[in-house]
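Structure data (mmCIF, C-alpha atoms and all ligand atoms) from model.cif:
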```cif
data_final
loop_
_atom_site.label_atom_id
_atom_site.label_comp_id
_atom_site.auth_asym_id
_atom_site.auth_seq_id
_atom_site.Cartn_x
_atom_site.Cartn_y
_atom_site.Cartn_z
CA MET A 1 -22.07 -20.37 -56.12
CA LYS A 2 -24.30 -17.37 -55.53
CA LYS A 3 -25.51 -18.95 -52.31
CA ILE A 4 -21.94 -19.42 -51.06
CA THR A 5 -21.04 -15.77 -51.77
CA TRP A 6 -24.05 -14.69 -49.79
CA LEU A 7 -23.12 -16.95 -46.88
CA LEU A 8 -19.44 -16.05 -46.71
CA PRO A 9 -19.65 -12.78 -44.70
CA LEU A 10 -21.93 -14.52 -42.21
CA VAL A 11 -19.47 -17.40 -41.84
CA VAL A 12 -16.52 -15.01 -41.42
CA SER A 13 -18.34 -12.86 -38.88
CA THR A 14 -19.51 -15.96 -36.95
CA MET A 15 -15.92 -17.20 -36.92
CA TYR A 16 -14.78 -13.80 -35.67
CA VAL A 17 -17.39 -13.74 -32.89
CA SER A 18 -16.48 -17.26 -31.77
CA ALA A 19 -12.74 -16.39 -31.78
CA GLN A 20 -13.55 -13.33 -29.67
CA LYS A 21 -15.58 -15.44 -27.26
CA LYS A 22 -12.77 -17.96 -27.01
CA ASN A 23 -10.30 -15.17 -26.31
CA ASP A 24 -12.60 -13.69 -23.65
CA ARG A 25 -12.94 -17.07 -21.98
CA LYS A 26 -9.15 -17.40 -21.96
CA ILE A 27 -8.72 -13.95 -20.34
CA LEU A 28 -11.46 -14.74 -17.80
CA SER A 29 -9.80 -17.98 -16.77
CA ASN A 30 -6.40 -16.22 -16.51
CA LEU A 31 -7.90 -13.44 -14.35
CA GLN A 32 -9.33 -16.10 -12.04
CA LEU A 33 -6.00 -17.93 -11.83
CA HIS A 34 -4.04 -14.77 -10.97
CA VAL A 35 -6.52 -13.52 -8.37
CA SER A 36 -6.94 -16.96 -6.77
CA TYR A 37 -3.21 -17.48 -6.35
CA LEU A 38 -2.38 -13.95 -5.17
CA SER A 39 -5.20 -13.91 -2.59
CA SER A 40 -4.61 -17.51 -1.40
CA ASP A 41 -3.72 -18.26 2.25
CA LYS A 42 -0.19 -19.23 1.14
CA LEU A 43 0.59 -15.57 0.35
CA GLU A 44 -0.49 -14.43 3.82
CA GLY A 45 -1.96 -11.12 2.69
CA ARG A 46 1.17 -9.98 0.76
CA ARG A 47 2.45 -7.51 3.33
CA SER A 48 5.42 -5.47 2.02
CA GLY A 49 8.68 -7.10 3.04
CA ALA A 50 7.00 -10.29 4.32
CA PRO A 51 7.56 -13.76 2.77
CA GLY A 52 4.09 -13.65 1.14
CA GLU A 53 5.04 -10.47 -0.71
CA GLN A 54 8.16 -12.22 -2.03
CA LEU A 55 6.06 -15.18 -3.26
CA ALA A 56 3.73 -12.76 -5.03
CA ALA A 57 6.70 -10.92 -6.60
CA ALA A 58 8.10 -14.25 -7.85
CA TYR A 59 4.72 -15.18 -9.36
CA ILE A 60 4.38 -11.82 -11.17
CA ALA A 61 7.99 -12.01 -12.43
CA THR A 62 7.40 -15.53 -13.78
CA GLN A 63 4.23 -14.38 -15.53
CA MET A 64 6.10 -11.43 -17.07
CA GLN A 65 8.85 -13.75 -18.27
CA GLN A 66 6.35 -16.19 -19.79
CA LEU A 67 4.66 -13.26 -21.57
CA GLY A 68 8.01 -12.45 -23.18
CA LEU A 69 8.59 -9.12 -21.41
CA THR A 70 12.14 -7.86 -20.84
CA PRO A 71 13.28 -7.55 -17.21
CA LYS A 72 13.42 -3.87 -16.19
CA GLY A 73 14.15 -4.15 -12.46
CA ASP A 74 17.54 -3.85 -10.75
CA ASN A 75 17.69 -7.56 -10.08
CA ASP A 76 16.11 -9.11 -13.18
CA PHE A 77 12.37 -8.21 -12.92
CA LEU A 78 12.71 -7.22 -9.25
CA GLN A 79 13.28 -3.66 -7.98
CA PRO A 80 13.85 -3.68 -4.19
CA PHE A 81 13.55 -0.42 -2.22
CA LEU A 82 13.69 0.72 1.39
CA ILE A 83 10.34 1.46 3.04
CA ARG A 84 11.65 2.59 6.40
CA GLU A 85 14.10 1.89 9.14
CA SER A 86 12.62 1.62 12.59
CA ARG A 87 13.83 0.92 16.11
CA GLU A 88 11.77 -1.95 17.47
CA PRO A 89 11.88 -3.25 21.05
CA ALA A 90 13.71 -6.59 21.21
CA ALA A 91 12.06 -9.69 22.65
CA SER A 92 14.66 -9.62 25.43
CA CYS A 93 13.03 -6.51 27.01
CA SER A 94 11.77 -7.00 30.55
CA PHE A 95 9.84 -4.97 33.12
CA THR A 96 9.05 -6.33 36.58
CA LEU A 97 6.76 -4.51 39.00
CA ASN A 98 7.10 -5.84 42.58
CA GLN A 99 8.83 -8.92 41.10
CA VAL A 100 5.89 -9.60 38.71
CA PRO A 101 6.96 -9.64 35.03
CA LEU A 102 4.78 -7.52 32.71
CA THR A 103 3.95 -8.31 29.09
CA LEU A 104 5.83 -6.42 26.38
CA GLY A 105 3.62 -4.85 23.70
CA SER A 106 0.44 -4.79 25.77
CA GLN A 107 1.06 -4.03 29.48
CA TYR A 108 4.11 -1.94 28.72
CA ILE A 109 5.71 -0.55 25.57
CA PRO A 110 9.10 1.13 25.36
CA LEU A 111 8.67 4.56 23.74
CA PRO A 112 10.38 5.07 20.35
CA PHE A 113 12.94 7.55 21.75
CA SER A 114 13.78 5.43 24.83
CA ALA A 115 17.39 4.59 25.59
CA ALA A 116 18.43 0.96 25.57
CA GLY A 117 19.71 -0.21 28.95
CA SER A 118 18.40 -0.82 32.43
CA ALA A 119 16.94 1.06 35.38
CA LYS A 120 16.21 -0.33 38.82
CA GLY A 121 14.80 1.21 41.95
CA GLU A 122 12.43 1.32 44.85
CA VAL A 123 10.04 4.09 43.97
CA LEU A 124 7.66 5.87 46.33
CA PRO A 125 4.35 6.94 44.76
CA HIS A 126 4.26 10.67 43.90
CA VAL A 127 7.93 11.13 44.81
CA ASN A 128 10.15 11.83 41.82
CA GLU A 129 13.74 12.27 42.98
CA PRO A 130 17.18 12.26 41.33
CA ASP A 131 18.97 8.92 40.87
CA ASN A 132 15.71 7.00 40.79
CA ILE A 133 13.01 5.97 38.33
CA TRP A 134 10.25 8.55 37.85
CA LEU A 135 6.56 7.72 37.66
CA VAL A 136 4.84 10.38 35.56
CA ASN A 137 1.05 10.60 35.71
CA ILE A 138 0.08 11.95 32.29
CA ALA A 139 -3.43 12.83 33.52
CA GLU A 140 -1.95 15.35 35.96
CA LEU A 141 0.18 17.17 33.39
CA ASP A 142 -0.66 20.40 31.67
CA ILE A 143 -0.66 19.09 28.09
CA ASP A 144 0.28 21.46 25.26
CA ASN A 145 -2.47 20.82 22.70
CA LYS A 146 -0.32 22.13 19.86
CA LYS A 147 2.02 19.16 20.31
CA SER A 148 1.33 15.53 19.52
CA MET A 149 1.22 13.17 22.51
CA LEU A 150 4.44 11.55 21.29
CA GLU A 151 6.17 14.98 21.40
CA GLU A 152 4.73 15.52 24.89
CA TYR A 153 6.17 12.18 26.10
CA LEU A 154 9.54 13.12 24.61
CA LYS A 155 9.48 16.55 26.31
CA GLN A 156 8.62 15.01 29.69
CA THR A 157 11.39 12.40 29.30
CA GLN A 158 13.92 15.16 28.56
CA ILE A 159 12.75 17.07 31.67
CA ALA A 160 13.10 13.90 33.80
CA GLU A 161 16.55 13.17 32.37
CA LYS A 162 17.75 16.73 33.12
CA SER A 163 16.46 16.36 36.68
CA GLY A 164 18.55 13.24 37.23
CA ALA A 165 15.94 10.53 36.67
CA THR A 166 17.39 7.10 35.81
CA GLY A 167 14.29 6.06 33.90
CA VAL A 168 10.70 7.16 33.40
CA ILE A 169 7.38 5.32 33.39
CA PHE A 170 4.35 7.11 31.99
CA TYR A 171 0.90 6.07 33.18
CA ASN A 172 -2.72 7.16 32.83
CA GLY A 173 -2.18 8.13 29.19
CA LYS A 174 -5.40 8.29 27.15
CA GLU A 175 -3.95 6.52 24.09
CA SER A 176 -4.34 2.78 23.42
CA ALA A 177 -1.50 0.26 23.20
CA ALA A 178 -2.20 0.07 19.43
CA THR A 179 -1.45 3.80 19.09
CA VAL A 180 1.78 3.51 21.07
CA LEU A 181 2.86 0.56 18.89
CA GLN A 182 2.32 2.75 15.82
CA TRP A 183 4.64 5.39 17.33
CA LEU A 184 7.45 2.83 17.00
CA ASP A 185 7.40 3.45 13.24
CA HIS A 186 9.03 6.82 13.99
CA ASN A 187 12.76 6.27 13.85
CA LEU A 188 13.65 8.77 16.61
CA PRO A 189 17.12 9.34 18.09
CA PRO A 190 17.28 7.91 21.63
CA THR A 191 17.32 10.01 24.82
CA GLY A 192 19.69 9.11 27.66
CA ILE A 193 17.27 7.11 29.87
CA PRO A 194 14.78 4.24 29.43
CA ALA A 195 11.23 5.52 28.88
CA VAL A 196 8.21 3.25 29.03
CA TRP A 197 4.46 3.56 28.51
CA ALA A 198 2.18 1.56 30.86
CA ASP A 199 -1.37 0.40 30.07
CA GLN A 200 -4.58 1.08 32.04
CA ALA A 201 -4.33 -1.93 34.37
CA ILE A 202 -0.71 -1.12 35.33
CA SER A 203 -1.65 2.57 35.63
CA LYS A 204 -4.29 1.58 38.16
CA LYS A 205 -1.67 -0.25 40.24
CA LEU A 206 0.73 2.71 40.08
CA ASP A 207 -2.13 5.03 41.10
CA ASP A 208 -2.84 3.02 44.24
CA GLU A 209 -2.78 5.45 47.18
CA GLU A 210 -2.33 2.56 49.60
CA ALA A 211 0.91 1.35 47.99
CA SER A 212 3.99 1.93 50.13
CA SER A 213 6.59 1.62 47.39
CA PHE A 214 7.17 -0.10 44.05
CA GLN A 215 10.09 -2.39 43.24
CA ILE A 216 10.80 -1.66 39.59
CA ASN A 217 13.32 -3.32 37.29
CA ILE A 218 13.43 -2.37 33.61
CA GLN A 219 15.76 -3.74 30.94
CA LEU A 220 15.30 -2.49 27.41
CA ALA A 221 16.96 -3.41 24.10
CA PHE A 222 16.12 -2.40 20.55
CA ASN A 223 16.66 -3.82 17.09
CA GLN A 224 17.22 -1.56 14.11
CA VAL A 225 14.79 -3.04 11.59
CA LYS A 226 14.93 -2.31 7.87
CA ARG A 227 11.67 -2.79 5.98
CA THR A 228 12.09 -3.29 2.26
CA GLY A 229 9.54 -3.76 -0.48
CA THR A 230 9.99 -5.02 -4.03
CA ASN A 231 8.47 -3.65 -7.24
CA VAL A 232 8.26 -6.01 -10.23
CA VAL A 233 9.01 -4.35 -13.56
CA GLY A 234 8.71 -5.72 -17.10
CA TYR A 235 9.27 -3.96 -20.42
CA LEU A 236 7.92 -4.28 -23.93
CA ASP A 237 10.43 -2.46 -26.10
CA ASN A 238 9.10 -1.33 -29.48
CA LYS A 239 12.04 1.09 -30.10
CA ALA A 240 9.47 3.89 -29.95
CA PRO A 241 10.34 7.40 -28.69
CA LYS A 242 7.64 7.33 -25.99
CA THR A 243 6.59 4.87 -23.32
CA VAL A 244 3.28 4.04 -21.61
CA VAL A 245 3.38 2.85 -17.99
CA ILE A 246 0.69 0.40 -16.88
CA GLY A 247 0.71 -0.35 -13.17
CA ALA A 248 -1.08 -1.74 -10.16
CA HIS A 249 0.04 -2.42 -6.60
CA TYR A 250 0.22 -6.02 -5.39
CA ASP A 251 1.03 -5.57 -1.71
CA HIS A 252 -1.73 -5.71 0.90
CA LEU A 253 -2.28 -5.73 4.66
CA GLY A 254 -0.89 -9.15 5.65
CA PHE A 255 -2.36 -10.12 9.00
CA GLY A 256 -3.42 -6.56 9.74
CA GLU A 257 -0.04 -5.49 11.16
CA GLU A 258 -0.32 -2.01 9.64
CA THR A 259 -3.43 -1.31 11.67
CA HIS A 260 -1.99 -3.10 14.73
CA ALA A 261 -5.31 -4.86 15.13
CA ALA A 262 -5.69 -6.83 18.34
CA THR A 263 -6.54 -10.04 16.48
CA LYS A 264 -4.20 -11.03 13.68
CA THR A 265 -6.34 -12.25 10.78
CA LEU A 266 -5.38 -12.78 7.17
CA HIS A 267 -6.38 -10.04 4.74
CA PRO A 268 -6.53 -11.78 1.33
CA GLY A 269 -6.73 -8.61 -0.78
CA ALA A 270 -8.44 -10.16 -3.83
CA ASN A 271 -10.01 -6.90 -4.96
CA ASP A 272 -7.28 -4.79 -3.32
CA ASN A 273 -5.37 -5.35 -5.45
CA ALA A 274 -4.94 -8.82 -6.92
CA SER A 275 -7.65 -7.68 -9.36
CA GLY A 276 -5.47 -4.83 -10.67
CA ILE A 277 -2.41 -7.09 -11.05
CA ALA A 278 -4.44 -9.76 -12.87
CA ALA A 279 -5.73 -7.11 -15.28
CA MET A 280 -2.24 -5.68 -15.81
CA LEU A 281 -0.87 -9.10 -16.77
CA GLU A 282 -3.70 -9.68 -19.25
CA ILE A 283 -3.25 -6.19 -20.76
CA ALA A 284 0.46 -7.06 -21.16
CA ARG A 285 -0.53 -10.26 -22.97
CA PHE A 286 -2.74 -8.25 -25.34
CA LEU A 287 -0.06 -5.62 -26.03
CA LYS A 288 2.59 -8.27 -26.62
CA SER A 289 0.59 -9.58 -29.60
CA ALA A 290 -1.22 -6.39 -30.69
CA ARG A 291 1.65 -4.74 -32.59
CA LEU A 292 0.79 -1.28 -31.30
CA GLN A 293 4.35 -0.22 -31.86
CA HIS A 294 4.30 3.56 -31.57
CA ASN A 295 4.71 3.28 -27.81
CA ASN A 296 6.92 1.14 -25.61
CA TYR A 297 5.23 -0.32 -22.54
CA ILE A 298 6.45 -0.64 -18.96
CA PHE A 299 4.40 -2.87 -16.64
CA VAL A 300 4.95 -2.28 -12.93
CA ALA A 301 3.59 -4.19 -9.98
CA PHE A 302 4.14 -1.82 -7.06
CA SER A 303 4.78 -2.77 -3.46
CA GLY A 304 4.80 -0.45 -0.41
CA ASN A 305 1.44 1.03 -1.45
CA GLU A 306 -0.23 0.31 1.89
CA GLN A 307 2.53 2.12 3.81
CA GLY A 308 2.25 5.28 1.69
CA LEU A 309 2.86 4.68 -2.04
CA PHE A 310 6.53 3.89 -1.37
CA GLY A 311 6.95 1.65 -4.44
CA SER A 312 5.66 4.17 -6.99
CA LYS A 313 7.52 7.04 -5.32
CA TYR A 314 10.73 5.02 -5.60
CA PHE A 315 10.00 3.99 -9.21
CA THR A 316 9.36 7.58 -10.36
CA SER A 317 12.44 8.96 -8.59
CA ARG A 318 14.92 6.58 -10.21
CA GLN A 319 17.69 8.31 -12.16
CA ASN A 320 17.67 5.64 -14.89
CA LEU A 321 14.08 6.45 -15.83
CA ASP A 322 13.73 9.29 -18.36
CA LEU A 323 10.42 10.80 -17.24
CA SER A 324 10.27 13.08 -20.30
CA THR A 325 9.69 10.03 -22.53
CA ILE A 326 6.70 8.76 -20.55
CA ASN A 327 3.51 9.34 -22.51
CA TYR A 328 1.05 8.54 -19.72
CA MET A 329 0.42 6.17 -16.82
CA ILE A 330 -2.58 3.90 -16.20
CA ASN A 331 -3.23 2.70 -12.65
CA MET A 332 -5.70 0.04 -11.56
CA ASP A 333 -6.51 -0.26 -7.86
CA MET A 334 -9.53 -2.34 -6.81
CA ILE A 335 -11.22 -3.10 -10.13
CA GLY A 336 -12.78 -6.43 -9.17
CA ARG A 337 -16.18 -5.32 -7.88
CA LEU A 338 -17.77 -3.69 -10.90
CA ASP A 339 -21.41 -2.92 -10.17
CA ASN A 340 -23.19 -1.28 -13.10
CA ALA A 341 -25.48 0.63 -10.75
CA LYS A 342 -22.48 2.32 -9.12
CA GLY A 343 -20.46 2.49 -12.32
CA LEU A 344 -16.75 2.37 -13.08
CA GLN A 345 -14.80 5.26 -11.62
CA ILE A 346 -12.12 6.77 -13.85
CA GLY A 347 -9.88 9.33 -12.18
CA GLY A 348 -7.34 11.65 -13.78
CA ILE A 349 -9.20 12.74 -16.91
CA GLY A 350 -8.19 16.33 -16.16
CA THR A 351 -4.49 15.43 -16.35
CA SER A 352 -4.43 15.80 -20.13
CA PRO A 353 -6.67 17.72 -22.53
CA GLY A 354 -6.46 14.59 -24.71
CA TRP A 355 -8.27 12.24 -22.31
CA PRO A 356 -11.93 13.29 -22.78
CA GLY A 357 -11.76 12.78 -26.57
CA ILE A 358 -10.03 9.39 -26.24
CA LEU A 359 -12.52 8.17 -23.63
CA THR A 360 -15.51 9.36 -25.66
CA ALA A 361 -14.18 7.51 -28.72
CA VAL A 362 -13.76 4.16 -26.96
CA THR A 363 -16.82 4.09 -24.67
CA ASP A 364 -20.50 3.90 -25.45
CA LYS A 365 -23.35 5.54 -23.60
CA ALA A 366 -24.46 2.19 -22.13
CA THR A 367 -21.36 2.01 -19.95
CA HIS A 368 -21.87 3.74 -16.61
CA LEU A 369 -18.71 5.76 -16.01
CA VAL A 370 -18.06 8.12 -13.12
CA TYR A 371 -15.35 10.61 -13.96
CA ASP A 372 -13.01 12.43 -11.59
CA SER A 373 -10.73 15.04 -13.09
CA SER A 374 -8.06 14.99 -10.35
CA GLY A 375 -4.64 13.42 -10.82
CA VAL A 376 -4.32 13.03 -7.06
CA GLY A 377 -5.83 10.10 -5.20
CA PRO A 378 -5.07 7.43 -2.63
CA SER A 379 -3.12 5.25 -5.05
CA ASP A 380 0.07 5.01 -7.13
CA HIS A 381 -0.97 7.19 -10.09
CA THR A 382 -0.46 10.14 -7.72
CA SER A 383 3.33 9.55 -7.81
CA PHE A 384 3.28 9.92 -11.62
CA TYR A 385 0.95 12.93 -11.59
CA ARG A 386 3.42 14.60 -9.18
CA LYS A 387 6.04 14.22 -11.96
CA ASN A 388 3.74 15.98 -14.48
CA ILE A 389 2.73 12.80 -16.28
CA PRO A 390 -0.88 12.37 -17.50
CA VAL A 391 -2.62 9.56 -15.59
CA LEU A 392 -5.81 7.51 -15.58
CA TYR A 393 -6.98 5.68 -12.49
CA PHE A 394 -9.52 2.83 -12.61
CA PHE A 395 -11.53 1.88 -9.51
CA THR A 396 -14.82 0.02 -9.01
CA GLY A 397 -15.60 1.65 -5.66
CA ASN A 398 -15.40 0.89 -1.96
CA HIS A 399 -17.51 -1.86 -0.42
CA SER A 400 -18.07 -3.39 2.99
CA ASP A 401 -15.19 -5.88 2.49
CA SER A 402 -12.67 -3.16 1.52
CA ARG A 403 -9.46 -3.64 3.49
CA GLN A 404 -11.22 -6.41 5.46
CA THR A 405 -10.79 -10.17 5.77
CA GLY A 406 -13.76 -10.83 3.44
CA ASP A 407 -11.97 -9.45 0.35
CA SER A 408 -11.61 -12.94 -1.13
CA ALA A 409 -11.31 -14.36 -4.68
CA ASP A 410 -14.90 -15.69 -4.75
CA THR A 411 -16.30 -12.15 -4.39
CA ILE A 412 -14.68 -10.86 -7.60
CA ASN A 413 -16.79 -9.92 -10.62
CA TYR A 414 -14.53 -11.45 -13.28
CA GLU A 415 -16.79 -10.50 -16.21
CA GLY A 416 -16.67 -6.91 -14.95
CA THR A 417 -12.87 -7.05 -14.66
CA LEU A 418 -12.70 -8.42 -18.21
CA SER A 419 -14.73 -5.44 -19.47
CA ILE A 420 -12.24 -3.07 -17.77
CA VAL A 421 -9.30 -4.95 -19.33
CA LYS A 422 -10.92 -4.51 -22.75
CA LEU A 423 -11.65 -0.83 -22.13
CA ILE A 424 -8.02 -0.16 -21.16
CA CYS A 425 -6.78 -2.10 -24.21
CA ASP A 426 -9.05 0.11 -26.37
CA ILE A 427 -7.71 3.27 -24.73
CA VAL A 428 -4.09 2.19 -25.29
CA SER A 429 -4.89 1.18 -28.89
CA LYS A 430 -6.48 4.58 -29.53
CA THR A 431 -3.30 6.37 -28.42
CA ASN A 432 -1.03 4.31 -30.68
CA ASN A 433 -1.22 6.71 -33.61
CA GLN A 434 -1.45 9.87 -31.52
CA GLU A 435 1.16 12.36 -30.41
CA LYS A 436 2.47 12.21 -26.83
CA LEU A 437 -0.30 13.38 -24.49
CA VAL A 438 0.03 16.91 -23.13
CA PHE A 439 0.00 17.20 -19.32
CA SER A 440 -2.32 19.52 -17.46
CA SER A 441 -2.52 20.04 -13.70
CA THR A 442 -5.80 19.51 -11.85
CA ARG A 443 -7.57 20.38 -8.64
CA GLU A 444 -6.30 18.63 -5.49
CA PRO A 445 -9.06 16.95 -3.53
CA GLN A 446 -8.71 16.24 0.16
CA VAL A 447 -7.85 12.56 0.38
CA THR A 448 -9.86 10.91 3.14
CA ALA A 449 -9.87 7.16 2.55
CA ARG A 450 -7.05 5.01 1.27
CA LYS A 451 -7.79 2.34 -1.30
ZN ZN A 501 -5.20 -0.61 -3.07
#
```

Show the structure stored in the file as structure tokens.
Ligand SMILES: [Zn+2]
Amino acid sequence: MKKITWLLPLVVSTMYVSAQKKNDRKILSNLQLHVSYLSSDKLEGRRSGAPGEQLAAAYIATQMQQLGLTPKGDNDFLQPFLIRESREPAASCSFTLNQVPLTLGSQYIPLPFSAAGSAKGEVLPHVNEPDNIWLVNIAELDIDNKKSMLEEYLKQTQIAEKSGATGVIFYNGKESAATVLQWLDHNLPPTGIPAVWADQAISKKLDDEEASSFQINIQLAFNQVKRTGTNVVGYLDNKAPKTVVIGAHYDHLGFGEETHAATKTLHPGANDNASGIAAMLEIARFLKSARLQHNNYIFVAFSGNEQGLFGSKYFTSRQNLDLSTINYMINMDMIGRLDNAKGLQIGGIGTSPGWPGILTAVTDKATHLVYDSSGVGPSDHTSFYRKNIPVLYFFTGNHSDSRQTGDSADTINYEGTLSIVKLICDIVSKTNNQEKLVFSSTREPQVTARK
């Protein structure tokens, strides 16, 4: 009997350790499942508004439902929002130079303020006359350095239009086709005449001193394109007076369209930011069973991050969200490459005088943490900080695969991600019996690289 009494604590503690290990293994396998699916080829890099983003949103919504969260979007778990409206050249555009058709998007690009419609003429080099198409050599212009090149093109088009030009072709510009394609994101009101940018090879032809005249025929049409993104929002309602928001963005770069890269290659985005979404889902699973009932919890998977934090800006500006009840927000963006030598970066600890004490209580000296006081950074916590909400931002650092095609599921440090999941669960647990965190404003660093 004595022997058994002596053995009992050992048996209980061994049972506890093995239950913990089993639980860890379960979380690890879930993290792997989430990251593998979200970064798979099928999801095509999860670009906001693209079919792959919708598949990812459906996956996250299903996971939230299976976890027993309450839908908190506008359409069940989904919260669609407008990213931008842009005028994009239609495929029916054409431009022939001496009867030779040119290629839209590379050899020529309609400028964002161009009129739709056509212009036709026989144009003499260096002769710009009324009722004809003008050829404008950008290299010969006196450029106002205070203006952007796009503003300069607009100014020159307005001058040409006033002088009776029927269309204008700009050549010898220093910018690349990729830059001009990015200008199309500006939804500018159209001028009265077609305006087109020509690439280096076409510029060379137009610059030809030997040419007698150019037969030019331009026909331009535009589509008004609406880009939408979709946040996924789930709720754990504990009937508490205050709410914790736990979020991560799930959108990524698709085939590199945002950077208008010449070669379209799939950007899987395993670390950026399937890792953050996987962690968010596992934290939700923990909180669903943990009975930490002095806070409610909102879990948000943001979209539109890569275009400029559109999803979190939309979420925090919604009228149906009472910001005064939000205790704090935790954001995870790229937490899948934990390297103990570099440490885990935690941003936002200056956003509440309560954070340092909480973090000291739940971390030990063996964990290499790199703190940043600022509430502002290149990710979605910034949108909450801007609404005077305390934030914490978790990030395992940039690496050579960041925002590149090599950011794949097999490069993720799942044990490291598990340790971050546990740390965040400890932080949330610690705040269960505490008052609502007090907000404090912080320094504003210059943001240089997006994550
Ligand atoms: Zn990111």

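Going from atom CA of His294 of chain A to atom CA of Pro356 of chain A covers 20.9 Å.
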
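For the pair atom CA of Gly311 of chain A and atom CA of Asn231 of chain A, the interatomic distance is 6.2 Å.
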
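You can rank A:Ala56, A:Leu111, A:Val376, A:Ile358 by their closest distance to Gln434 of chain A using all atoms listed in the file, and at the top of that list sits A:Ile358.
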
Near-ligand residues for ligand ZN 501 (chain A), threshold 12 Å, only C-alpha atoms and all ligand atoms, as an NGL selection string: :A and (46 or 247-253 or 269-277 or 301-309 or 331-336 or 377-381 or 393-398 or 402-404 or 407 or 449-451)

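If all atoms listed in the file are the atoms counted, then among A:Leu338, A:Ile389, A:Asn238, A:Ser441 the closest residue to Ile412 of chain A is A:Leu338.
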